[in-house]
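Trainee: First, the structure itself, so that you have it in front of you.
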Amino acid sequence: MGLRVLAAMSGGVDSAVAAARIAEAGHDVTGVHLALSANPQSHRTGARGCCTVEDSRDARRAADVIGIPFYIWDMAERFQRDVVEDFVAEYAAGRTPNPCLRCNEKIKFAAVLDRALALGFDAVATGHHARLADGVLSRSVDQGKDQSYVLGVLTREQLGHAIFPLGDSTKAEVREEAARRGLTVADKPDSHDICFIADGDTRGFLAERLGSAQGPILDQSGEVVGSHQGAHGFTVGQRKGLRIDRPAADGRPRYVLSIEPVSNTVTVGPRSALEVTSITCGRPVWNGPKAPADELTVQLRAHGEVYGCRFEESGGGLRVELDRPATGVAAGQAAVLYSGSTVIGSATIVSAA
């Protein structure tokens, strides 16, 4: 007997093919599009976002082609609180959040899954590029599109009610299949950037909500080398847009090394000063099997490099020791631990040294 599955349909090609595959497998599928803005016109149109009016129409057309019921769920208030306001608060605190990760955690696999289970559905299916077998999450076969990192925050229980039908396919194969199925989104470009920042100007978005306040840009010696209009407009590892008054003595580029929101201070220095080998993390989530210590790796940003590592649990958190230095490690990002291609857990980066 098939499962009752709620297919989250963003309006893109991935979620459309995921829904079609689940329906073809004999499950009882219902499509749902999440309305994440009280004023969808304020979100960008075209290919850059994933929550526009045109996206909801594309999702509905795909559901019609597949032949499944389709609904729109209003999640705007929850999205505003758990994703947008969290994003602003994290920057105000000097951290660098990942809103897509937070949306997966709080919206798609908390609010949506909770409602789906309450309505009698067995699982939620999405178009994420990741593999899931017996509740164990692994990387997609398409390394360039792998999204296991942004799913690494999910709990075992949430993964137990999730279906990711695309993990064994490349993006090219998904597009070819969409065309064969007559789905009009087959050639629709991928969404990217932050969907709730309509013009892509993150610094302007934050300044509008947090205000402007002039502060110093310091070098490692404490000398003032420039000024800014708000520390919230920077992130660790940033190189461009620093507007430093004079070049470094060695003529090399400078990078953001740290952000201090209380004093509204940004400190910059050479790339070498960004190198860290020890990372302190909080809020660990263990969602995979235990793994031998010599097989562990960690990923510190979406689509970022992978580092061999060791970790130790301490005081409800983790200390992760890297086998080689990493750069641009920012508080607020996730550290996702792997054994080979299998996710074993994640935690939120607090500090690095």
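Residue numbering restarts at 1 in every chain; chains get A, B, ... in the order shown in the structure tokens, and ligands count up from 1 in that same order.
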Can you pull out the residues contacting Thr267 in chain A? Cut-off 8 Å, using only C-alpha atoms, and skip same-chain residues under 3 positions away; I want them as a list in words.
Mentor: Ile217, Leu218, Asp219, Gln220, Val256, Leu257, Ser258 and Ile259 of chain A
Trainee: Can you pull out every residue from range 43-232 of chain A that DSSP, working from the backbone, puts in strand (DSSP E), and format the result as a list of chain:residue names?
Mentor: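 Selecting the strand (DSSP E) positions of range 43-232 of chain A gives A:Phe70, A:Tyr71, A:Ile72, A:Trp73, A:Asp74, A:Ala123, A:Val124, A:Ala125, A:Ala130, A:Arg131, A:Leu132, A:Ala133, A:Val136, A:Leu137, A:Ser138, A:Arg139, A:Ala162, A:Ile163, A:Gly215, A:Pro216, A:Ile217, A:Leu218, A:Val224, A:Val225, A:Gly226, A:Ser227, A:His228.
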Trainee: Find the spatial neighbours of range 338-348 of chain A, counting only C-alpha atoms, within a cut-off of 8 Å - ignore same-chain residues fewer than 3 positions away - and output them as a ChimeraX atom specification.
Mentor: /A:136-139,148,152-153,281-292,295-299,317-318,331-335
Trainee: Selected residues, C-alpha atoms, written as a PDB file, in the first residue's frame, please.
Mentor:
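Final output, out.pdb:
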ATOM      1  CA  VAL A 136      20.097   8.106   6.945  1.00  0.00           C
ATOM      2  CA  LEU A 137      20.995  11.251   4.976  1.00  0.00           C
ATOM      3  CA  SER A 138      23.790  11.215   2.377  1.00  0.00           C
ATOM      4  CA  ARG A 139      25.165  13.423  -0.357  1.00  0.00           C
ATOM      5  CA  SER A 148      22.829  17.550   2.277  1.00  0.00           C
ATOM      6  CA  GLY A 152      22.067  18.420   8.109  1.00  0.00           C
ATOM      7  CA  VAL A 153      20.143  20.290  10.828  1.00  0.00           C
ATOM      8  CA  CYS A 281      30.029  24.732  18.149  1.00  0.00           C
ATOM      9  CA  GLY A 282      26.713  24.683  19.967  1.00  0.00           C
ATOM     10  CA  ARG A 283      23.296  23.046  19.509  1.00  0.00           C
ATOM     11  CA  PRO A 284      24.505  19.700  18.127  1.00  0.00           C
ATOM     12  CA  VAL A 285      22.007  17.524  16.261  1.00  0.00           C
ATOM     13  CA  TRP A 286      22.914  13.850  15.849  1.00  0.00           C
ATOM     14  CA  ASN A 287      20.953  12.345  12.970  1.00  0.00           C
ATOM     15  CA  GLY A 288      23.208   9.661  11.484  1.00  0.00           C
ATOM     16  CA  PRO A 289      25.185   6.550  12.428  1.00  0.00           C
ATOM     17  CA  LYS A 290      28.337   6.635  14.506  1.00  0.00           C
ATOM     18  CA  ALA A 291      31.514   6.630  12.469  1.00  0.00           C
ATOM     19  CA  PRO A 292      35.186   5.744  12.992  1.00  0.00           C
ATOM     20  CA  GLU A 295      36.695   8.725   8.537  1.00  0.00           C
ATOM     21  CA  LEU A 296      35.262  12.033   9.776  1.00  0.00           C
ATOM     22  CA  THR A 297      35.032  15.171   7.663  1.00  0.00           C
ATOM     23  CA  VAL A 298      33.281  18.487   8.221  1.00  0.00           C
ATOM     24  CA  GLN A 299      31.753  21.042   5.849  1.00  0.00           C
ATOM     25  CA  GLY A 317      28.485  21.521  22.570  1.00  0.00           C
ATOM     26  CA  LEU A 318      31.298  20.372  20.292  1.00  0.00           C
ATOM     27  CA  ALA A 331      29.905  32.230  13.676  1.00  0.00           C
ATOM     28  CA  GLY A 332      26.283  31.402  12.900  1.00  0.00           C
ATOM     29  CA  GLN A 333      27.050  29.014  10.054  1.00  0.00           C
ATOM     30  CA  ALA A 334      26.563  25.264  10.398  1.00  0.00           C
ATOM     31  CA  ALA A 335      29.318  22.690  10.789  1.00  0.00           C
TER      32      ALA A 335
END
Trainee: Check which residues of range 289-318 of chain A sit at most 12 Å from range 91-112 of chain A using only C-alpha atoms, and return one row each with the closest pair of atoms and their distance in Å to one decimal, ordered by chain and rising number, as a Markdown table.
Mentor:
| residue | atom | partner | partner_atom | distance |
| --- | --- | --- | --- | --- |
| A:Leu300 | CA | A:Asn98 | CA | 11.2 |
| A:Arg301 | CA | A:Asn98 | CA | 8.8 |
| A:Ala302 | CA | A:Asn98 | CA | 8.6 |
Trainee: Please return as a VMD selection string: the residues of range 4-225 of chain A that backbone DSSP assigns to helix (DSSP H, G or I).
Mentor: chain A and resid 13 to 24 40 to 42 53 to 66 76 to 92 99 to 118 148 to 151 156 to 160 171 to 180 202 to 210
Trainee: Which is closer to Ala18 in chain A than all the others in A:Gly144, A:Arg115, A:Leu154, A:Pro165, using only C-alpha atoms?
Mentor: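 For Ala18 in chain A, the nearest of the given residues is A:Pro165.
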Trainee: Tell me which protein, DNA and RNA residues are within 7 Å of range 24-36 of chain A, counting only C-alpha atoms, leaving out same-chain ones fewer than 2 positions away, and put them as a VMD selection string.
Mentor: chain A and resid 2 to 10 20 to 22 38 51 56 59 63 68 to 76 79
Trainee: Calculate how many Å separate CA of Pro261 in chain A from CA of Ser212 in chain A, rounding to one decimal.
Mentor: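 Calculated distance between CA of Pro261 in chain A and CA of Ser212 in chain A is 12.4 Å.
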Trainee: With only C-alpha atoms as the counted atoms, please give the residues lying no more than 8 Å from His128 in chain A, apart from itself and same-chain residues fewer than 3 positions off, as a PyMOL selection string.
Mentor: chain A and resi 14-15+147+164+166-167
Trainee: Could those residues be written to a file, using N, CA, C and O atoms, as an mmCIF file, in the first residue's frame?
Mentor:
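Final output, saved to again_8.cif:
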data_model
loop_
_atom_site.group_PDB
_atom_site.id
_atom_site.type_symbol
_atom_site.label_atom_id
_atom_site.label_comp_id
_atom_site.auth_asym_id
_atom_site.auth_seq_id
_atom_site.Cartn_x
_atom_site.Cartn_y
_atom_site.Cartn_z
ATOM 1 N N ASP A 14 13.012 20.961 -9.850
ATOM 2 C CA ASP A 14 13.346 19.870 -8.943
ATOM 3 C C ASP A 14 12.122 19.364 -8.182
ATOM 4 O O ASP A 14 11.862 18.158 -8.128
ATOM 5 N N SER A 15 11.367 20.267 -7.576
ATOM 6 C CA SER A 15 10.213 19.830 -6.791
ATOM 7 C C SER A 15 9.120 19.262 -7.673
ATOM 8 O O SER A 15 8.377 18.363 -7.251
ATOM 9 N N GLN A 147 22.702 19.050 -1.612
ATOM 10 C CA GLN A 147 22.095 19.917 -0.592
ATOM 11 C C GLN A 147 22.034 19.244 0.776
ATOM 12 O O GLN A 147 21.290 19.674 1.645
ATOM 13 N N PHE A 164 13.335 12.280 -0.363
ATOM 14 C CA PHE A 164 14.092 13.080 -1.320
ATOM 15 C C PHE A 164 14.283 12.238 -2.579
ATOM 16 O O PHE A 164 15.267 11.493 -2.692
ATOM 17 N N LEU A 166 15.250 12.806 -5.579
ATOM 18 C CA LEU A 166 16.197 13.180 -6.626
ATOM 19 C C LEU A 166 17.649 12.833 -6.321
ATOM 20 O O LEU A 166 18.528 13.096 -7.138
ATOM 21 N N GLY A 167 17.931 12.257 -5.168
ATOM 22 C CA GLY A 167 19.313 12.073 -4.736
ATOM 23 C C GLY A 167 20.175 11.213 -5.631
ATOM 24 O O GLY A 167 21.402 11.344 -5.628
#
Trainee: Using only C-alpha atoms, can you tell me which of A:Asp168, A:Gly328, A:Gly233, A:Gly11 comes closest to Glu208 in chain A?
Mentor: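 Distance minimum relative to Glu208 in chain A lands on A:Gly233.
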Trainee: Can you list, as a PyMOL selection string, every protein, DNA or RNA residue that comes within 9 Å of Ala213 in chain A when you count only C-alpha atoms, leaving out same-chain residues fewer than 3 positions away?
Mentor: chain A and resi 228-231+264
Trainee: Can you spit out the residues from that selection as a PDB file, in the first residue's frame, using all heavy atoms?
Mentor:
ATOM      1  N   HIS A 228      32.815  52.616   8.529  1.00  0.00           N
ATOM      2  CA  HIS A 228      31.664  51.949   7.923  1.00  0.00           C
ATOM      3  C   HIS A 228      30.380  52.523   8.518  1.00  0.00           C
ATOM      4  O   HIS A 228      30.418  53.310   9.471  1.00  0.00           O
ATOM      5  CB  HIS A 228      31.732  50.441   8.170  1.00  0.00           C
ATOM      6  CG  HIS A 228      31.724  50.077   9.624  1.00  0.00           C
ATOM      7  ND1 HIS A 228      30.570  50.030  10.371  1.00  0.00           N
ATOM      8  CD2 HIS A 228      32.737  49.774  10.488  1.00  0.00           C
ATOM      9  CE1 HIS A 228      30.862  49.694  11.616  1.00  0.00           C
ATOM     10  NE2 HIS A 228      32.173  49.534  11.710  1.00  0.00           N
ATOM     11  N   GLN A 229      29.242  52.105   7.981  1.00  0.00           N
ATOM     12  CA  GLN A 229      27.952  52.608   8.441  1.00  0.00           C
ATOM     13  C   GLN A 229      27.146  51.559   9.190  1.00  0.00           C
ATOM     14  O   GLN A 229      25.937  51.705   9.356  1.00  0.00           O
ATOM     15  CB  GLN A 229      27.139  53.140   7.251  1.00  0.00           C
ATOM     16  CG  GLN A 229      27.761  54.352   6.584  1.00  0.00           C
ATOM     17  CD  GLN A 229      27.918  55.511   7.561  1.00  0.00           C
ATOM     18  OE1 GLN A 229      26.985  55.853   8.304  1.00  0.00           O
ATOM     19  NE2 GLN A 229      29.095  56.123   7.570  1.00  0.00           N
ATOM     20  N   GLY A 230      27.808  50.504   9.639  1.00  0.00           N
ATOM     21  CA  GLY A 230      27.121  49.466  10.399  1.00  0.00           C
ATOM     22  C   GLY A 230      27.853  48.147  10.302  1.00  0.00           C
ATOM     23  O   GLY A 230      28.034  47.622   9.201  1.00  0.00           O
ATOM     24  N   ALA A 231      28.288  47.618  11.451  1.00  0.00           N
ATOM     25  CA  ALA A 231      29.030  46.360  11.442  1.00  0.00           C
ATOM     26  C   ALA A 231      28.194  45.210  10.898  1.00  0.00           C
ATOM     27  O   ALA A 231      28.740  44.204  10.424  1.00  0.00           O
ATOM     28  CB  ALA A 231      29.508  46.034  12.862  1.00  0.00           C
ATOM     29  N   ASN A 264      30.532  48.234  17.546  1.00  0.00           N
ATOM     30  CA  ASN A 264      30.334  48.557  16.135  1.00  0.00           C
ATOM     31  C   ASN A 264      31.674  48.636  15.400  1.00  0.00           C
ATOM     32  O   ASN A 264      31.914  49.530  14.598  1.00  0.00           O
ATOM     33  CB  ASN A 264      29.572  49.877  15.991  1.00  0.00           C
ATOM     34  CG  ASN A 264      28.981  50.062  14.591  1.00  0.00           C
ATOM     35  OD1 ASN A 264      28.666  49.092  13.904  1.00  0.00           O
ATOM     36  ND2 ASN A 264      28.844  51.315  14.170  1.00  0.00           N
TER      37      ASN A 264
END
Trainee: Using only C-alpha atoms for the distances, tell me which of A:Asp294, A:Glu77, A:Glu177, A:Asp250 is nearest to Ala16 in chain A.
Mentor: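 Smallest separation from Ala16 in chain A among the options: A:Glu177.
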Trainee: From the list A:Thr184, A:Ser191, A:Ser140, A:Thr235, which residue is nearest Thr170 in chain A when using only C-alpha atoms?
Mentor: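 Of A:Thr184, A:Ser191, A:Ser140, A:Thr235, the one nearest Thr170 in chain A, counting only C-alpha atoms, is A:Ser140.
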Trainee: Just how far from CA of Ala249 in chain A is CA of Arg324 in chain A, in Å to one decimal?
Mentor: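 Pair CA of Arg324 in chain A / CA of Ala249 in chain A returns 27.8 Å.
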Trainee: What does the structure give for the distance between CA of Tyr255 in chain A and CA of Cys309 in chain A, in Å to one decimal?
Mentor: 25.1 Å
Trainee: So which one's closest to Thr277 in chain A, A:Ala352, A:Leu337, A:Ala207, A:Leu132? Using only C-alpha atoms, please.
Mentor: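 Of the candidates, the smallest distance to Thr277 in chain A is held by A:Ala352.
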Trainee: Given only C-alpha atoms as the basis, pick out the residue of A:Val268, A:Ile194, A:Ala178, A:Leu206 nearest to Gly226 in chain A.
Mentor: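 For Gly226 in chain A, the nearest of the candidates is A:Val268.
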